[in-house]
Amino acid sequence: MSTDRVAPQAAVDWIQRLVGIDTTSRHSNLGLIEMVRDTLRQAGIESHLSHDASGAKANLYATVPAADGSTQGGIVLSGHTDVVPVDGRDWDSDPFRPEVRDGRLYGRGTCDMKGYIGTALSLLPRMTGIALKKPIHFALSYDEEVGCVGAPLMLAQLKARGVRPDGCIVGEPTSMRVIVAHKGINVWRCCVRGHAAHSSLTPKGLNAIEYAAQLICFIREQADRMRAAGPFDEAFDVPFSTAQVGTIQGGIAVNTIPGQCQFEFEHRNLPGADPEQFYARIQSYAQDTLLPRMRREHPDAAIELTSLASAPSLDASEQAAITQLVRALTADTAHRKVAYGTEAGQFQQAGIPAVICGPGDIQQAHRANEFVALEQVAQCHTFLSNVIDSLAQP
């Protein structure tokens, strides 16, 4: 890895352009996607867009072909275009007007993960200016931050078109260190339906909040069991699978028995641990234990569980060519695993070996005054330049 600490201006300019487009997950990302598409088209590269059902969001997949015109094999440079909200956060500057201060580039998404995308796009002239023996692919997704929703559509279209890259580098912020494994993410919504009544007539109602609370306590018991009994993988920063309830809504007034309660919970599983087994325990307790009790109080009681998002874990093979390449180019041999999730597991599940390596510190993601150090951008630029050179013809 080069010790050059100066970030190329072209990379900084590209990152600033990307950050200047508000792609918070609740908004469209088409402004960014179409800008990238048009830039690639000017370089003679056509993009494949895959839109969501609303048409307001899209993935982009584009290939810089090999010198012989081949588009098979090669390496994918993957990143998500959406960012988390800035609401209620105290920023020192406009999060969508990026600023360079004290060797850092500030703005929403600079770290997670437009720093990587912008650096990769800044190297387009290098990619098109040399004779490649294998192609290079750009894969930009939507809605990663709300459950890795967009990438599966793009991957399904690649499969349908018979496209099979050799490997993928997902540029989530890792401080340019190699990450070879992460946990799976699974999110569900639970709706508990009781029966509303005046609180002075408690026997005539069915308290949805109280029964939801029992299910929430059961979820916590499962989390405690996994923490105590494992399975464990000490290479992870949190070495066991986890579960937690993140949101809850219910009730309209203290003098009304709540007829509805809704909450959302998640399970982050270690590679090799089956999330369906966790879900089956929750579902069994809800349907076989709680629901019969509820219906003894009121026949219309119900508990409904709905899957909101699911993204598989990553467990990269050390023998995979992409793992060996990224380790060689970063001179990083440490075996790191992380609790957060990425789209890398989805690429692996689709048969495309993947590793994670990108600029910025994950501690800066999802917070006010998000930044990426310019030194990290410089390291990423050097790394991706070396990736490109590794695909060049002799």
# chains A, B, ... in the order shown; residues from 1 in each chain; ligands from 1

call {"tool": "select_by_dssp", "arguments": {"residues": "range 95-294 of chain A", "states": "helix (DSSP H, G or I)", "output": "number ranges by chain"}}
result
A: 110-122, 124-129, 151-161, 199-204, 208-229, 275-294

call {"tool": "residues_around", "arguments": {"residues": "Tyr211 in chain A", "least_positions_apart": "4", "cutoff": "10 Å", "atoms": "only C-alpha atoms", "output": "PyMOL selection string"}}
result
chain A and resi 192-194+206-207+215-217+261+286+290-291+293-294+303

call {"tool": "select_by_dssp", "arguments": {"residues": "range 50-254 of chain A", "states": "strand (DSSP E)", "output": "number ranges by chain"}}
result
A: 50-51, 58-64, 75-80, 99-101, 104-106, 136-141, 167-170, 179-182, 184-193, 197-198, 242-250

call {"tool": "atom_distance", "arguments": {"atom1": "CA of Glu172 in chain A", "atom2": "CA of Cys148 in chain A"}}
result
13.0 Å

call {"tool": "atom_distance", "arguments": {"atom1": "CA of Arg26 in chain A", "atom2": "CA of Val149 in chain A"}}
result
12.7 Å

call {"tool": "residues_around", "arguments": {"residues": "Gly205 in chain A", "least_positions_apart": "5", "cutoff": "9 Å", "atoms": "only C-alpha atoms", "output": "PyMOL selection string"}}
result
chain A and resi 194-199+257-259+297-298

call {"tool": "atom_distance", "arguments": {"atom1": "CA of Tyr340 in chain A", "atom2": "CA of Gly79 in chain A"}}
result
15.3 Å

call {"tool": "closest_residue", "arguments": {"among": "A:Val163, A:Leu155, A:Ala273, A:Ala212", "to": "Thr242 in chain A", "atoms": "only C-alpha atoms"}}
result
A:Ala273
